[in-house]
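This report concerns only the one structure given below.
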Amino acid sequence: APMPPDRERCRVLYISPMKALAYDVDRNLRAPIAGISAQRRVDGDDPLEISVAMRTGDTPQSERQAMLRHPPDILITTPESLFLMLTSRAAEFLAHVETVIVDEVHAVAGTKRGTHLALSLERLAALTVSEPQRIGLSATQKPLETIAAFLGGGKRAEDGWSPRPVHIVDAPSDKELDIEILVPVSDLTRPEIDAPPSDEKPTRSVWPAMYPRLVELLDHHRSVIFFVNSRTLAERTAAEINRLAGSEVVQAHHGSVSRDKRVEIEDRLKSGTLRGVVATSTLELGIDMAAVDLVVLVESPGSVASGLQRVGRAGHQVGAPSVARVFPKHRGDLLEAAVVVDEMYSGGIEPTAVPQNPLDVLAQHLVSMAAVDDFDVEDAFSLVAGAMPYRELSRTAFDGVLDMLAGRFPSDDFAELRPRITWDRTAGMVAARPNAKLLATINAGTIPDRGLYTVNLPEGGRVGELDEEMVYESRPGDTFILGSTSWRIDEITHDRVIVSPAPGAAAASMPFWHGDGPGRPLALGRAIGAFTREVAALEPAAAEAHLSERYRLDDWAAQNLSRFIHDELDATGTVPTDKTIVLQRFRDDIGDWRLVVLTPFGSRVHAPWALAARGILRSVTGGRVDSIWSDDGIMFRFPDADDPPDPDLVLLDPADVERRVVDEVADSALYASRFRESAARALLLPRRRPGTRTPLWLQRR
């Protein structure tokens with residue numbers, strides 16, 4: 001076939017949610033493309049010039065302009081950059097795309113970021129000369145039919161929503177796993193008795209015994225990745241490993257370390273100049289990483305899918321086993337880790353739930369669509385309904401979003417929120433107001449503003465980010481650790497922290513970041529409950545043997561876990577399982593009554609349960625009731641109450657739960673923070689300029 005005109009050459013669009021993977025694909029395409037041209041010369045044919053380009057947030061403006069003049073045959077990009085192209089002149093050269101490859105679908109399908117991408121794909125399909133074929137690549141997902149519908153989208157008709165036909169190629173997973181759970185002390189409730197000798201006063205902490213084991217594993221392997229669940233723990237673990245090793249053998253890698261620094265750390269690991277990294281789930285090593293022969297999970301990964309994705313970093317070559325060791329931090333963590341590892345062996349991945357009708361993401365896309373050109377409301381509704389997350393979107397909700405963006409609010413309290421569009425209801429047309437394109441461009445994407453200050457060098461280079469509260473507690477001259485490097489604070493401005501390197505600073509403090517994890521999936525909670533019921537039915541000695549043989553726990557781990565379950569059994573006569581909820585009430589150390597609800601079902605169940613039950617308890621007792629929740633249960637505290645609380649009050653009527661949760665959630669801090677994040681995504685609380693932050697207190701006002 002003849003070469004198409006220069007402006008129509010872009011035929012393949014590759015989308016990766018991970019920048020590192022995009023860079024690897026770009027690099028790995030160069031050799032085969034050069035090989036094709038070389039072979040054609042050997043065969044006497046004209047060389048075939050196939051061009052490849054990248055468009056991410058790091059692409060210089062000059063390269064973006066060059067792309068407009070000479071579109072590439074293959075364009076590699078990210079979900080956010082695709083949205084930006086659809087909002088700009090770059091949309092012109094996407095009109096002839098024939099194939100869209102969406103990589104790492106599992107990383108986005110269950111999040112609002114995936115919903116954002118699904119709408120971009122529908123907009124791309126409407127823009128192209130003919131609908132492009134979509135090819136999705138995914139791992140550790142179920143049900144596959146849900147992921148296929150998410151990738152393919154569909155059409156809404158009078159008889160309902162029908163997905164586009166998608167062919168599922170399910171490659172069998174025959175990856176060999178070698179995972180063991182290790183506990184470095186004989187008794188996790190008294191870890192000080194097994195801690196190594198030290199001049200410091202013994203503490204009731206497992207860490208003094210754990211860190212030497214981590215260093216020992218590092219010494220016996222070529223390249224190790226340590227995974228933890230928080231940025232603070234990544235920094236602390238890296239610092240302690242380096243201190244015990246006597247040199248910098250590992251570095252911390254997480255989302256608050258600048259991208260340039262993260263790339264440098266990953267390159268050092270790939271090249272072998274760095275023995276290991278301590279990472280959160282942000283690790284983006286890509287497909288051409290060097291041989292990592294061990295993954296260490298410090299604490300349970302929180303879900304089976306996350307565990308498989310982390311463990312899969314080891315033995316990345318074809319046929320090589322994935323070797324991992326898991327170090328739980330406490331007995332509850334050990335219980336979850338035992339079940340997660342067992343489910344990893346059996347492939348018991350949690351089902352993915354695709355968000356339904358996120359109106360904040362819809363609002364952002366509608367502003368972007370209007371910024372490109374005026375659009376017909378009926379056509380826009382049909383386009384949006386093609387995306388699987390919006391397959392059940394009602395016309396009332398869609399019109400409500402347009403009302404909001406057009407400035408039609410239910411109260412004068414919202415008068416300061418500026419309209420973003422103009423909606424001509426008579427003609428059924430929507431147009432953008434001035435500045436709409438700039439707002440959509442600066443505030444693109446779904447990652448919420450967590451109130452982080454950027455950390456910069458005096459000459460402007462970016463080091464990373466710090467939590468707003470930590471910055472408030474800091475002063476010029478203080479030193480802290482970020483990315484396993486010590487920094488001295490030179491200046492704190494209204495939106496950033498200026499620092500200089502402070503190598504060897506003795507009193508450097510550990511940073512902290514506030515943030516809540518996603519919570520234990522319900523499927524994993526039920527599995528933990530069934531496991532607990534199984535172990536509790538055995539005698540302690542039989543339980544230890546069963547845990548060692550069946551669940552791959554070392555001797556100390558098996559002893560600790562058996563003791564944990566049987567201690568609870570001895571104390572209450574029962575344990576929380578998938579079939580039993582345990583309620584306890586007692587007076588605490590200062591004499592206040594407490595009521596504890598123990599279940600394995602996770603904070604996604606416990607948070608709304610606690611809100612609804614707290615409302616009932618307050619109304620009945622007439623006094624103050626405090627509550628906290630975690631993945632393992634809920635605790636209520638009754639300050640100054642004389643009478644013991646009635647446990648029956650927390651057992652909610654299923655028919656009444658939704659009303660009570662809705663009544664209570666409006667006054668909660670959780671709702672306030674989620675509302676602020678959603679309003680920012682909907683472009684109602686936008687950043688004024690790129691690269692700057694609007695303080696959270698100002699956004700809340």
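Residue numbering restarts at 1 for every chain of the structure tokens, chains are lettered A, B, ... in their displayed order, and ligands are numbered from 1 as they appear.
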Expected answer as a ChimeraX atom specification: helix (DSSP H, G or I) residues in stretch 147-271 of chain A: /A:147-152,191-194,207-219,231-245,259-271
Can those selected residues be exported to a file as a short mmCIF file (atom, residue, chain, number, x, y, z; two decimals), in the first residue's frame so that it contains N, CA and C atoms?
data_model
loop_
_atom_site.label_atom_id
_atom_site.label_comp_id
_atom_site.auth_asym_id
_atom_site.auth_seq_id
_atom_site.Cartn_x
_atom_site.Cartn_y
_atom_site.Cartn_z
N ILE A 147 -13.53 -6.50 32.41
CA ILE A 147 -12.39 -5.76 31.85
C ILE A 147 -12.56 -5.58 30.34
N ALA A 148 -13.10 -6.61 29.67
CA ALA A 148 -13.33 -6.51 28.22
C ALA A 148 -14.36 -5.44 27.91
N ALA A 149 -15.44 -5.38 28.69
CA ALA A 149 -16.47 -4.35 28.47
C ALA A 149 -15.91 -2.96 28.75
N PHE A 150 -15.05 -2.86 29.78
CA PHE A 150 -14.41 -1.57 30.08
C PHE A 150 -13.55 -1.12 28.92
N LEU A 151 -12.75 -2.03 28.36
CA LEU A 151 -11.87 -1.68 27.24
C LEU A 151 -12.65 -1.33 25.99
N GLY A 152 -13.66 -2.14 25.66
CA GLY A 152 -14.35 -1.98 24.38
C GLY A 152 -15.41 -0.91 24.35
N PRO A 191 8.53 -8.58 71.33
CA PRO A 191 9.64 -8.72 70.37
C PRO A 191 11.01 -8.38 70.96
N GLU A 192 11.02 -7.66 72.09
CA GLU A 192 12.31 -7.23 72.64
C GLU A 192 13.16 -8.41 73.11
N ILE A 193 12.55 -9.56 73.42
CA ILE A 193 13.35 -10.68 73.95
C ILE A 193 14.24 -11.31 72.88
N ASP A 194 13.93 -11.09 71.59
CA ASP A 194 14.76 -11.65 70.51
C ASP A 194 15.51 -10.58 69.75
N TRP A 207 10.99 -4.00 64.87
CA TRP A 207 11.96 -3.50 63.88
C TRP A 207 13.41 -3.82 64.21
N PRO A 208 13.89 -3.69 65.47
CA PRO A 208 15.30 -4.02 65.73
C PRO A 208 15.67 -5.45 65.34
N ALA A 209 14.70 -6.37 65.39
CA ALA A 209 14.97 -7.74 64.97
C ALA A 209 14.78 -7.91 63.46
N MET A 210 13.93 -7.08 62.85
CA MET A 210 13.63 -7.25 61.42
C MET A 210 14.72 -6.67 60.53
N TYR A 211 15.23 -5.48 60.85
CA TYR A 211 16.20 -4.82 59.96
C TYR A 211 17.42 -5.70 59.66
N PRO A 212 18.04 -6.36 60.68
CA PRO A 212 19.19 -7.23 60.36
C PRO A 212 18.83 -8.35 59.39
N ARG A 213 17.60 -8.89 59.49
CA ARG A 213 17.18 -9.94 58.55
C ARG A 213 17.07 -9.39 57.14
N LEU A 214 16.61 -8.15 57.00
CA LEU A 214 16.50 -7.54 55.67
C LEU A 214 17.89 -7.34 55.07
N VAL A 215 18.85 -6.89 55.90
CA VAL A 215 20.22 -6.69 55.41
C VAL A 215 20.83 -8.03 55.01
N GLU A 216 20.55 -9.07 55.79
CA GLU A 216 21.07 -10.41 55.48
C GLU A 216 20.56 -10.89 54.13
N LEU A 217 19.27 -10.70 53.86
CA LEU A 217 18.72 -11.08 52.55
C LEU A 217 19.38 -10.29 51.43
N LEU A 218 19.64 -9.02 51.69
CA LEU A 218 20.29 -8.17 50.67
C LEU A 218 21.69 -8.70 50.37
N ASP A 219 22.40 -9.16 51.42
CA ASP A 219 23.77 -9.66 51.24
C ASP A 219 23.81 -10.95 50.42
N ARG A 231 4.87 5.83 52.26
CA ARG A 231 6.08 6.58 51.92
C ARG A 231 6.98 6.77 53.13
N THR A 232 6.37 7.02 54.30
CA THR A 232 7.16 7.20 55.52
C THR A 232 7.95 5.94 55.84
N LEU A 233 7.30 4.79 55.74
CA LEU A 233 7.99 3.53 56.04
C LEU A 233 9.09 3.25 55.01
N ALA A 234 8.89 3.66 53.76
CA ALA A 234 9.94 3.48 52.74
C ALA A 234 11.20 4.24 53.14
N GLU A 235 11.03 5.49 53.56
CA GLU A 235 12.19 6.30 53.96
C GLU A 235 12.87 5.71 55.20
N ARG A 236 12.08 5.32 56.19
CA ARG A 236 12.65 4.81 57.44
C ARG A 236 13.38 3.49 57.20
N THR A 237 12.78 2.60 56.41
CA THR A 237 13.41 1.30 56.15
C THR A 237 14.71 1.46 55.38
N ALA A 238 14.70 2.30 54.36
CA ALA A 238 15.92 2.53 53.58
C ALA A 238 17.03 3.10 54.46
N ALA A 239 16.68 4.04 55.31
CA ALA A 239 17.69 4.66 56.19
C ALA A 239 18.30 3.63 57.14
N GLU A 240 17.48 2.75 57.71
CA GLU A 240 17.98 1.76 58.66
C GLU A 240 18.82 0.69 57.97
N ILE A 241 18.41 0.24 56.79
CA ILE A 241 19.21 -0.75 56.05
C ILE A 241 20.58 -0.17 55.72
N ASN A 242 20.61 1.08 55.27
CA ASN A 242 21.90 1.71 54.93
C ASN A 242 22.76 1.89 56.18
N ARG A 243 22.12 2.22 57.30
CA ARG A 243 22.89 2.42 58.55
C ARG A 243 23.53 1.11 58.98
N LEU A 244 22.78 0.01 58.94
CA LEU A 244 23.33 -1.28 59.33
C LEU A 244 24.37 -1.80 58.34
N ALA A 245 24.17 -1.49 57.05
CA ALA A 245 25.12 -1.95 56.02
C ALA A 245 26.39 -1.10 56.00
N ARG A 259 10.19 12.83 39.91
CA ARG A 259 10.28 11.83 38.86
C ARG A 259 11.72 11.64 38.39
N ASP A 260 12.48 12.72 38.24
CA ASP A 260 13.88 12.60 37.80
C ASP A 260 14.68 11.72 38.76
N LYS A 261 14.43 11.92 40.06
CA LYS A 261 15.14 11.12 41.06
C LYS A 261 14.71 9.66 40.99
N ARG A 262 13.41 9.42 40.77
CA ARG A 262 12.93 8.04 40.67
C ARG A 262 13.54 7.33 39.46
N VAL A 263 13.62 8.02 38.34
CA VAL A 263 14.23 7.44 37.14
C VAL A 263 15.69 7.10 37.40
N GLU A 264 16.38 8.01 38.09
CA GLU A 264 17.79 7.76 38.42
C GLU A 264 17.93 6.51 39.29
N ILE A 265 17.04 6.37 40.30
CA ILE A 265 17.09 5.20 41.19
C ILE A 265 16.84 3.93 40.40
N GLU A 266 15.82 3.94 39.52
CA GLU A 266 15.50 2.76 38.72
C GLU A 266 16.64 2.40 37.79
N ASP A 267 17.27 3.40 37.19
CA ASP A 267 18.40 3.14 36.28
C ASP A 267 19.56 2.52 37.04
N ARG A 268 19.79 3.00 38.28
CA ARG A 268 20.88 2.43 39.09
C ARG A 268 20.59 0.98 39.45
N LEU A 269 19.33 0.66 39.72
CA LEU A 269 18.97 -0.72 40.02
C LEU A 269 19.13 -1.60 38.79
N LYS A 270 18.70 -1.10 37.64
CA LYS A 270 18.82 -1.86 36.40
C LYS A 270 20.28 -2.14 36.05
N SER A 271 21.13 -1.14 36.26
CA SER A 271 22.54 -1.27 35.88
C SER A 271 23.35 -2.05 36.90
#
Shell of 9 Å around A:Leu553, only C-alpha atoms, local chain residues under 4 positions omitted, as a PyMOL selection string: chain A and resi 180-183+338+547-549+557-558
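Our summary of the geometry notes that atom CA of A:Asp373 is positioned 24.9 Å from atom CA of A:Thr99.
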Residue nearest A:Ser382 - candidates A:Leu13, A:Ala125, A:Ala157, A:Leu75, atoms counted: only C-alpha atoms: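 Nearest to A:Ser382: A:Ala157.
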Which of stretch 496-660 of chain A fall in strand (DSSP E), as number ranges by chain: A: 496-501, 582-587, 593-598, 626-630, 633-638
Pairwise distance for atom CA of A:Ala370 and atom CA of A:Arg425, rounded to one decimal in Å: 14.8 Å
Of the listed residues A:His566, A:Lys19, A:Lys437, A:Arg190, that which approaches A:Met54 most closely, counting only C-alpha atoms: A:Lys19
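The environment of stretch 86-91 of chain A within 7 Å, counting only C-alpha atoms and disregarding residues fewer than 6 places along the same chain, consists of Leu68, Ser368, Met369, Ala371 and Val372 of chain A.
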Written selection (N, CA, C and O atoms) as a short mmCIF file (atom, residue, chain, number, x, y, z; two decimals), in the first residue's frame:
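Contents of selection_8.cif, freshly written:
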data_model
loop_
_atom_site.label_atom_id
_atom_site.label_comp_id
_atom_site.auth_asym_id
_atom_site.auth_seq_id
_atom_site.Cartn_x
_atom_site.Cartn_y
_atom_site.Cartn_z
N LEU A 68 3.03 18.13 15.60
CA LEU A 68 1.88 18.69 14.88
C LEU A 68 2.20 18.83 13.40
O LEU A 68 1.34 18.59 12.54
N SER A 368 -13.83 20.07 28.51
CA SER A 368 -12.82 19.86 27.48
C SER A 368 -13.46 19.79 26.09
O SER A 368 -12.97 20.39 25.13
N MET A 369 -14.58 19.07 25.97
CA MET A 369 -15.27 18.95 24.68
C MET A 369 -15.76 20.31 24.20
O MET A 369 -15.63 20.65 23.01
N ALA A 371 -14.47 23.17 25.00
CA ALA A 371 -13.32 24.00 24.69
C ALA A 371 -12.80 23.74 23.28
O ALA A 371 -12.25 24.63 22.63
N VAL A 372 -13.01 22.52 22.78
CA VAL A 372 -12.57 22.19 21.42
C VAL A 372 -13.54 22.74 20.39
O VAL A 372 -13.15 23.35 19.40
#
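Of the residues under consideration (A:Met429, A:Ala530, A:Leu482, A:Ala107), A:Ala107 shows the shortest atom-to-atom contact distance to A:Ser306 when counting only C-alpha atoms.
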Pick from A:Ala305, A:Leu84, A:Val250, A:Leu393, whichever lies nearest to A:Gly445 using only C-alpha atoms: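 Among the listed residues, A:Leu84 lies closest to A:Gly445.
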